[in-house]
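File shown: entry_34.cif (mmCIF, C-alpha atoms and all ligand atoms).
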data_target
loop_
_atom_site.label_atom_id
_atom_site.label_comp_id
_atom_site.auth_asym_id
_atom_site.auth_seq_id
_atom_site.Cartn_x
_atom_site.Cartn_y
_atom_site.Cartn_z
CA MET X 1 -20.86 -67.68 43.07
CA ILE X 2 -20.03 -65.02 45.69
CA ILE X 3 -22.39 -62.40 47.08
CA ALA X 4 -20.68 -59.76 49.21
CA ILE X 5 -22.67 -57.75 51.75
CA ASP X 6 -20.43 -55.07 53.23
CA GLY X 7 -21.27 -52.02 55.27
CA GLU X 8 -21.19 -50.10 58.50
CA ALA X 9 -21.56 -51.72 61.93
CA SER X 10 -25.07 -52.74 62.97
CA THR X 11 -26.77 -52.22 59.63
CA GLY X 12 -28.24 -55.73 59.58
CA LYS X 13 -25.69 -57.21 57.18
CA SER X 14 -25.68 -60.64 58.78
CA THR X 15 -29.49 -60.77 58.96
CA GLN X 16 -29.65 -60.03 55.25
CA ALA X 17 -26.80 -62.36 54.35
CA LYS X 18 -28.51 -65.26 56.16
CA LYS X 19 -31.84 -64.54 54.49
CA ILE X 20 -30.25 -64.38 51.04
CA ALA X 21 -28.25 -67.57 51.69
CA LYS X 22 -31.44 -69.35 52.71
CA GLU X 23 -33.37 -68.04 49.71
CA LEU X 24 -30.68 -69.08 47.21
CA ASN X 25 -29.57 -72.19 49.07
CA PHE X 26 -26.01 -70.88 49.40
CA ASN X 27 -23.65 -71.30 52.29
CA TYR X 28 -23.02 -68.30 54.57
CA ARG X 29 -19.88 -66.88 56.18
CA ASP X 30 -19.78 -64.07 58.73
CA SER X 31 -16.33 -62.53 58.26
CA GLY X 32 -16.72 -60.32 61.35
CA ALA X 33 -17.24 -63.45 63.46
CA TYR X 34 -13.73 -64.63 62.51
CA TYR X 35 -12.28 -61.32 63.72
CA ARG X 36 -14.38 -61.55 66.87
CA ALA X 37 -13.33 -65.14 67.64
CA LEU X 38 -9.66 -64.27 67.06
CA THR X 39 -10.06 -61.28 69.38
CA LEU X 40 -11.64 -63.46 72.06
CA TYR X 41 -8.75 -65.92 71.89
CA LEU X 42 -6.11 -63.18 71.99
CA ILE X 43 -7.63 -61.32 74.93
CA GLN X 44 -8.15 -64.56 76.82
CA ASN X 45 -4.46 -65.29 76.32
CA ASN X 46 -3.31 -61.76 77.20
CA ILE X 47 -1.92 -61.03 73.77
CA ASN X 48 -1.93 -57.31 73.22
CA SER X 49 -3.11 -55.84 69.91
CA LYS X 50 -0.06 -53.58 69.86
CA GLU X 51 2.28 -56.56 69.52
CA GLU X 52 2.89 -58.52 66.36
CA ILE X 53 1.03 -61.84 66.67
CA PRO X 54 3.50 -64.68 65.98
CA GLN X 55 2.51 -67.40 63.55
CA THR X 56 3.08 -69.97 66.32
CA ILE X 57 0.16 -68.41 68.21
CA LEU X 58 -2.06 -68.21 65.13
CA ASP X 59 -1.34 -71.88 64.42
CA LYS X 60 -3.01 -72.73 67.72
CA ILE X 61 -6.31 -71.14 66.69
CA LEU X 62 -9.01 -73.15 64.97
CA ILE X 63 -12.18 -71.28 64.06
CA GLU X 64 -15.07 -73.02 62.37
CA GLN X 65 -18.37 -71.72 61.10
CA VAL X 66 -21.28 -74.04 60.48
CA TYR X 67 -24.39 -72.59 58.89
CA LYS X 68 -27.45 -74.78 59.22
CA ASP X 69 -31.21 -74.08 59.37
CA ASN X 70 -30.66 -70.32 59.17
CA ASN X 71 -28.39 -70.48 62.21
CA LEU X 72 -24.64 -69.88 62.34
CA ILE X 73 -22.51 -71.64 64.93
CA ILE X 74 -19.02 -70.31 65.53
CA SER X 75 -16.53 -72.47 67.33
CA LEU X 76 -13.12 -71.55 68.67
CA ASN X 77 -10.86 -74.55 69.27
CA ASN X 78 -13.99 -76.72 69.38
CA GLU X 79 -15.87 -74.55 71.91
CA ASP X 80 -19.10 -72.90 70.80
CA VAL X 81 -18.40 -69.16 71.20
CA SER X 82 -21.35 -67.91 69.12
CA LYS X 83 -22.69 -65.84 72.04
CA LYS X 84 -19.44 -64.90 73.76
CA ILE X 85 -18.02 -63.15 70.71
CA ARG X 86 -20.95 -60.69 70.62
CA GLY X 87 -20.23 -59.33 74.10
CA TYR X 88 -19.07 -55.82 74.92
CA ARG X 89 -15.53 -56.93 75.85
CA VAL X 90 -14.91 -58.31 72.35
CA SER X 91 -16.85 -55.52 70.59
CA ILE X 92 -14.69 -52.74 71.97
CA LYS X 93 -11.41 -54.54 71.17
CA VAL X 94 -12.09 -56.23 67.84
CA SER X 95 -11.21 -53.27 65.59
CA SER X 96 -7.75 -52.89 67.09
CA TYR X 97 -6.94 -56.53 66.27
CA ALA X 98 -8.65 -56.38 62.85
CA LYS X 99 -6.17 -53.69 61.76
CA LYS X 100 -3.30 -56.14 61.78
CA SER X 101 -2.11 -57.74 58.56
CA GLU X 102 -1.41 -61.15 60.16
CA ILE X 103 -4.97 -61.23 61.52
CA ARG X 104 -6.49 -60.19 58.20
CA ASN X 105 -4.47 -62.80 56.31
CA PHE X 106 -5.70 -65.49 58.70
CA VAL X 107 -9.32 -64.57 57.94
CA TYR X 108 -8.77 -64.18 54.18
CA LYS X 109 -7.38 -67.70 54.01
CA GLN X 110 -10.43 -69.12 55.79
CA LEU X 111 -12.89 -67.25 53.58
CA ARG X 112 -11.14 -68.10 50.32
CA ASN X 113 -10.89 -71.76 51.33
CA SER X 114 -14.63 -71.86 52.04
CA ALA X 115 -15.33 -70.39 48.62
CA LYS X 116 -13.48 -73.24 46.87
CA SER X 117 -16.30 -75.67 47.48
CA ASN X 118 -19.36 -73.45 48.11
CA SER X 119 -21.41 -70.67 46.65
CA LEU X 120 -21.29 -68.14 49.45
CA VAL X 121 -22.99 -65.10 50.85
CA ILE X 122 -20.44 -63.27 53.01
CA ASP X 123 -20.92 -60.19 55.13
CA GLY X 124 -18.15 -57.87 56.27
CA ARG X 125 -16.29 -54.66 55.56
CA ASP X 126 -13.85 -55.47 52.76
CA ILE X 127 -15.38 -58.49 51.04
CA GLY X 128 -16.21 -56.67 47.80
CA THR X 129 -13.10 -54.48 47.84
CA VAL X 130 -10.30 -56.84 48.90
CA VAL X 131 -11.27 -60.43 49.70
CA PHE X 132 -13.40 -61.10 46.62
CA PRO X 133 -13.00 -58.12 44.27
CA ASP X 134 -14.59 -60.24 41.51
CA ALA X 135 -17.68 -61.14 43.56
CA ASP X 136 -20.78 -61.70 41.43
CA PHE X 137 -22.83 -59.24 43.48
CA LYS X 138 -21.73 -56.54 45.90
CA PHE X 139 -23.92 -54.64 48.33
CA PHE X 140 -23.03 -51.88 50.76
CA LEU X 141 -25.37 -51.06 53.66
CA PHE X 142 -25.27 -47.86 55.70
CA ALA X 143 -27.57 -45.96 58.07
CA ASP X 144 -27.84 -43.16 60.56
CA SER X 145 -25.84 -44.10 63.69
CA LYS X 146 -28.66 -43.32 66.14
CA VAL X 147 -31.07 -45.60 64.30
CA ARG X 148 -28.45 -48.35 64.28
CA ALA X 149 -27.88 -47.94 68.02
CA GLU X 150 -31.64 -48.08 68.69
CA ARG X 151 -31.97 -51.29 66.71
CA ARG X 152 -28.97 -52.84 68.48
CA LEU X 153 -30.39 -51.85 71.88
CA LYS X 154 -33.69 -53.53 71.08
CA GLN X 155 -31.80 -56.66 70.09
CA ILE X 156 -29.71 -56.69 73.30
CA ASN X 157 -32.85 -56.19 75.39
CA ASP X 158 -30.91 -55.16 78.51
CA LYS X 159 -32.17 -52.10 80.39
CA SER X 160 -28.79 -51.46 82.02
CA VAL X 161 -27.22 -50.67 78.64
CA LYS X 162 -27.48 -47.04 77.52
CA LEU X 163 -28.31 -45.97 73.98
CA GLU X 164 -25.50 -43.38 74.04
CA SER X 165 -22.85 -45.95 74.91
CA ILE X 166 -23.97 -48.25 72.09
CA GLU X 167 -23.95 -45.39 69.61
CA LYS X 168 -20.48 -44.41 70.78
CA GLU X 169 -19.17 -47.98 70.43
CA ILE X 170 -20.64 -48.26 66.91
CA LYS X 171 -19.19 -44.91 65.82
CA ASN X 172 -15.76 -45.67 67.29
CA ARG X 173 -15.68 -49.02 65.54
CA ASP X 174 -16.69 -47.52 62.17
CA ASN X 175 -14.08 -44.83 62.62
CA THR X 176 -11.27 -47.31 63.36
CA ASP X 177 -12.45 -49.65 60.59
CA SER X 178 -12.69 -46.95 57.92
CA THR X 179 -9.42 -45.19 58.72
CA ARG X 180 -7.13 -48.22 59.00
CA LYS X 181 -4.37 -48.63 56.41
CA ILE X 182 -5.19 -52.19 55.35
CA ALA X 183 -8.53 -52.99 53.74
CA PRO X 184 -10.56 -50.16 55.27
CA LEU X 185 -14.33 -50.18 55.47
CA LYS X 186 -15.47 -48.54 52.25
CA LYS X 187 -17.92 -49.07 49.45
CA ALA X 188 -16.54 -50.89 46.40
CA ASP X 189 -16.94 -48.73 43.29
CA ASP X 190 -19.21 -51.34 41.76
CA ALA X 191 -21.27 -52.08 44.89
CA TYR X 192 -24.99 -51.36 45.06
CA GLU X 193 -25.55 -49.15 48.11
CA ILE X 194 -28.60 -49.24 50.30
CA ASP X 195 -29.45 -46.68 52.97
CA VAL X 196 -31.28 -48.86 55.52
CA THR X 197 -32.16 -45.99 57.91
CA SER X 198 -35.85 -46.07 57.19
CA LEU X 199 -36.22 -49.56 55.75
CA ASN X 200 -37.29 -52.67 57.61
CA ILE X 201 -35.68 -56.09 57.23
CA ASN X 202 -38.02 -57.26 54.48
CA GLN X 203 -37.69 -54.05 52.50
CA VAL X 204 -33.90 -54.35 52.46
CA PHE X 205 -34.15 -58.06 51.62
CA ASN X 206 -36.44 -57.32 48.68
CA LYS X 207 -34.09 -54.69 47.33
CA ILE X 208 -31.15 -57.10 47.46
CA LEU X 209 -33.11 -59.93 45.92
CA GLN X 210 -34.49 -57.71 43.16
CA LYS X 211 -30.98 -56.67 42.25
CA ILE X 212 -29.81 -60.29 42.12
CA ASN X 213 -32.81 -61.41 40.07
CA SER X 214 -32.50 -58.53 37.63
CA ARG X 215 -29.36 -60.05 36.12
O1 LIG D 301 -19.51 -57.55 61.41
P1 LIG D 301 -19.09 -57.34 62.87
O2 LIG D 301 -19.64 -56.08 63.44
O3 LIG D 301 -19.34 -58.52 63.71
O4 LIG D 301 -17.49 -57.16 62.77
C1 LIG D 301 -16.71 -56.97 63.91
C2 LIG D 301 -15.44 -56.25 63.57
O5 LIG D 301 -14.59 -57.07 62.76
C3 LIG D 301 -15.57 -54.95 62.77
O6 LIG D 301 -15.81 -53.84 63.60
C4 LIG D 301 -14.25 -54.85 62.08
C5 LIG D 301 -13.86 -56.28 61.83
N1 LIG D 301 -14.17 -56.70 60.46
C6 LIG D 301 -13.26 -56.36 59.49
O7 LIG D 301 -12.30 -55.67 59.77
N2 LIG D 301 -13.45 -56.82 58.22
C7 LIG D 301 -14.51 -57.57 57.90
N3 LIG D 301 -14.65 -58.01 56.65
C8 LIG D 301 -15.47 -57.87 58.89
C9 LIG D 301 -15.29 -57.41 60.16
#

Let me see whether you can do it: turn the structure in this file into structure tokens.
Ligand code: DC
Amino acid sequence: MIIAIDGEASTGKSTQAKKIAKELNFNYRDSGAYYRALTLYLIQNNINSKEEIPQTILDKILIEQVYKDNNLIISLNNEDVSKKIRGYRVSIKVSSYAKKSEIRNFVYKQLRNSAKSNSLVIDGRDIGTVVFPDADFKFFLFADSKVRAERRLKQINDKSVKLESIEKEIKNRDNTDSTRKIAPLKKADDAYEIDVTSLNINQVFNKILQKINSR
């Protein structure tokens, strides 16, 4: 069984996906974390997003996700990069790498392989539209960008970071993600959409769970 939770940046998709996975005893995959880990590797190795990434380079990249006790660990070539991939440096670059077909195919392969042996909850941008168009349940989360930036700021808990710069980064990323040619960020026709602007974590969780249990 596949549950797809797609949506805009910073709408709490991964929080919800983890909660649903825990509730249903499913495995969890964070598709954005694959794009982030790939981006980290490519910037560390000075590989520009404007160039085509050769298969010989991609063959050197091993990304693993282990979900245990409501916690997701992401490793890149056996190094735990769970924290590093959330940093500003990766956040501002990830969308320009995620546009590329060779990068997307790398991630699709990983996700589809994981689904062979697991029931999965997966969060992302194109899970319900492209990666698993036949997913059993599809959700699409969206919210006002200011509210998303405020929530992200609270999470970062760093007084040197400005609300305006977070909002700008979020909006830029959504813009690049939704206007790209391949697998843009958009709601699947058959996805259940939730405006999370004025809902808290538990309210969103209950809506998702209700929808799943109503079938
Ligand atoms: O979910 P996230 O914010 O960590 O994702 C980071 C970036 O990865 C996002 O801005 C675009 C890309 N991404 C994507 O293109 N497709 C997905 N299914 C998930 C993420």

ask   = Please, what distance in Å, to one decimal, runs between CA of Ser165 in chain X and CA of Ile201 in chain X?
value = 24.1 Å

task = Around ligand LIG 301 (chain D), at most 8 Å away and counting all atoms listed in the file, which residues are there? Put them as a PyMOL selection string, please.
result = chain X and resi 6+8-10+13-14+30-36+86+91+94-95+98-99+104+123-127+173-174+176-177+183-185

remark   = In terms of only C-alpha atoms, the residue from X:Thr11, X:Asn71, X:Ser178, X:Asn213 at minimal distance from Ser198 in chain X is X:Thr11

message = Just the number, please: distance in Å from CA of Glu52 in chain X to CA of Val66 in chain X, one decimal.
response =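 Result for CA of Glu52 in chain X versus CA of Val66 in chain X: 29.3 Å, one decimal.
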
inquiry  = Here is a test: counting only C-alpha atoms, which residue of X:Tyr41, X:Tyr108, X:Tyr192, X:Phe139 is nearest to Gln16 in chain X?
reply    = X:Phe139

Atom-to-atom span, CA of Ala115 in chain X and CA of Phe142 in chain X, Å =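 Between CA of Ala115 in chain X and CA of Phe142 in chain X the gap is 25.6 Å.
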
Can you tell me, as JSON, the centre and edge lengths (Å, one decimal) of the axis-aligned box enclosing all of range 142-146 of chain X's listed atoms after padding each side by 4 Å?
{"center_x": -27.0, "center_y": -45.5, "center_z": 60.9, "size_x": 11.4, "size_y": 12.7, "size_z": 18.4}

query = Which polymer residues have any atom within 12 Å of an atom of Tyr88 in chain X, counting only C-alpha atoms, with same-chain residues fewer than 5 positions away left out, as a list in words?
reply = Arg36, Thr39, Leu40, Lys83, Lys93, Val94, Ile156, Val161, Ser165, Ile166, Glu169 and Ile170 of chain X

Ser145 in chain X environment, 8 Å, only C-alpha atoms, sequence neighbours closer than 3 positions dropped, as a list of chain:residue names = X:Arg148, X:Ala149, X:Glu167, X:Ile170, X:Lys171

Would you mind exporting the chosen residues as a PDB file, in the frame of the given file, restricted to C-alpha atoms?
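Final output, out.pdb:
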ATOM      1  CA  ARG X 148     -28.450 -48.350  64.280  1.00  0.00           C
ATOM      2  CA  ALA X 149     -27.880 -47.940  68.020  1.00  0.00           C
ATOM      3  CA  GLU X 167     -23.950 -45.390  69.610  1.00  0.00           C
ATOM      4  CA  ILE X 170     -20.640 -48.260  66.910  1.00  0.00           C
ATOM      5  CA  LYS X 171     -19.190 -44.910  65.820  1.00  0.00           C
TER       6      LYS X 171
END

query = Between X:Ile92, X:Leu199, X:Ile73, X:Ile3, which one has atoms that come closest to Lys168 in chain X, using all atoms listed in the file?
reply = X:Ile92

ask   = Pick from X:Lys116, X:Arg89, X:Lys100, X:Lys50: nearest to Ile2 in chain X, with all atoms listed in the file counted?
value =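 The shortest atom-to-atom distance to Ile2 in chain X comes from X:Lys116.
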
request  = Would you mind listing what lies within 12 Å of Asn113 in chain X as a ChimeraX atom specification, with all atoms listed in the file counted and same-chain residues fewer than 4 positions away left out?
outcome  = /X:29,64,106-109,117-120,131-132

Could you save those same residues with C-alpha atoms as a short mmCIF file (atom, residue, chain, number, x, y, z; two decimals), in the coordinates of the input?
data_model
loop_
_atom_site.label_atom_id
_atom_site.label_comp_id
_atom_site.auth_asym_id
_atom_site.auth_seq_id
_atom_site.Cartn_x
_atom_site.Cartn_y
_atom_site.Cartn_z
CA ARG X 29 -19.88 -66.88 56.18
CA GLU X 64 -15.07 -73.02 62.37
CA PHE X 106 -5.70 -65.49 58.70
CA VAL X 107 -9.32 -64.57 57.94
CA TYR X 108 -8.77 -64.18 54.18
CA LYS X 109 -7.38 -67.70 54.01
CA SER X 117 -16.30 -75.67 47.48
CA ASN X 118 -19.36 -73.45 48.11
CA SER X 119 -21.41 -70.67 46.65
CA LEU X 120 -21.29 -68.14 49.45
CA VAL X 131 -11.27 -60.43 49.70
CA PHE X 132 -13.40 -61.10 46.62
#

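Closest approach to Gln110 in chain X among X:Ile61, X:Ser96, X:Ile194, X:Val81 is made by X:Ile61 (distances from all atoms listed in the file).
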
message = Excluding Leu62 in chain X and its own-chain neighbours fewer than 2 positions away, which residues fall within 8 Å of it when counting only C-alpha atoms? Please give them as a list in words.
response =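 Everything that qualifies: Asp59, Lys60, Glu64, Ser75, Leu76, Asn77 and Asn78 of chain X.
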
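Using all atoms listed in the file for every distance, the candidate list X:Ile208, X:Leu72, X:Leu141, X:Leu163 yields X:Leu141 as the residue closest to Lys187 in chain X.
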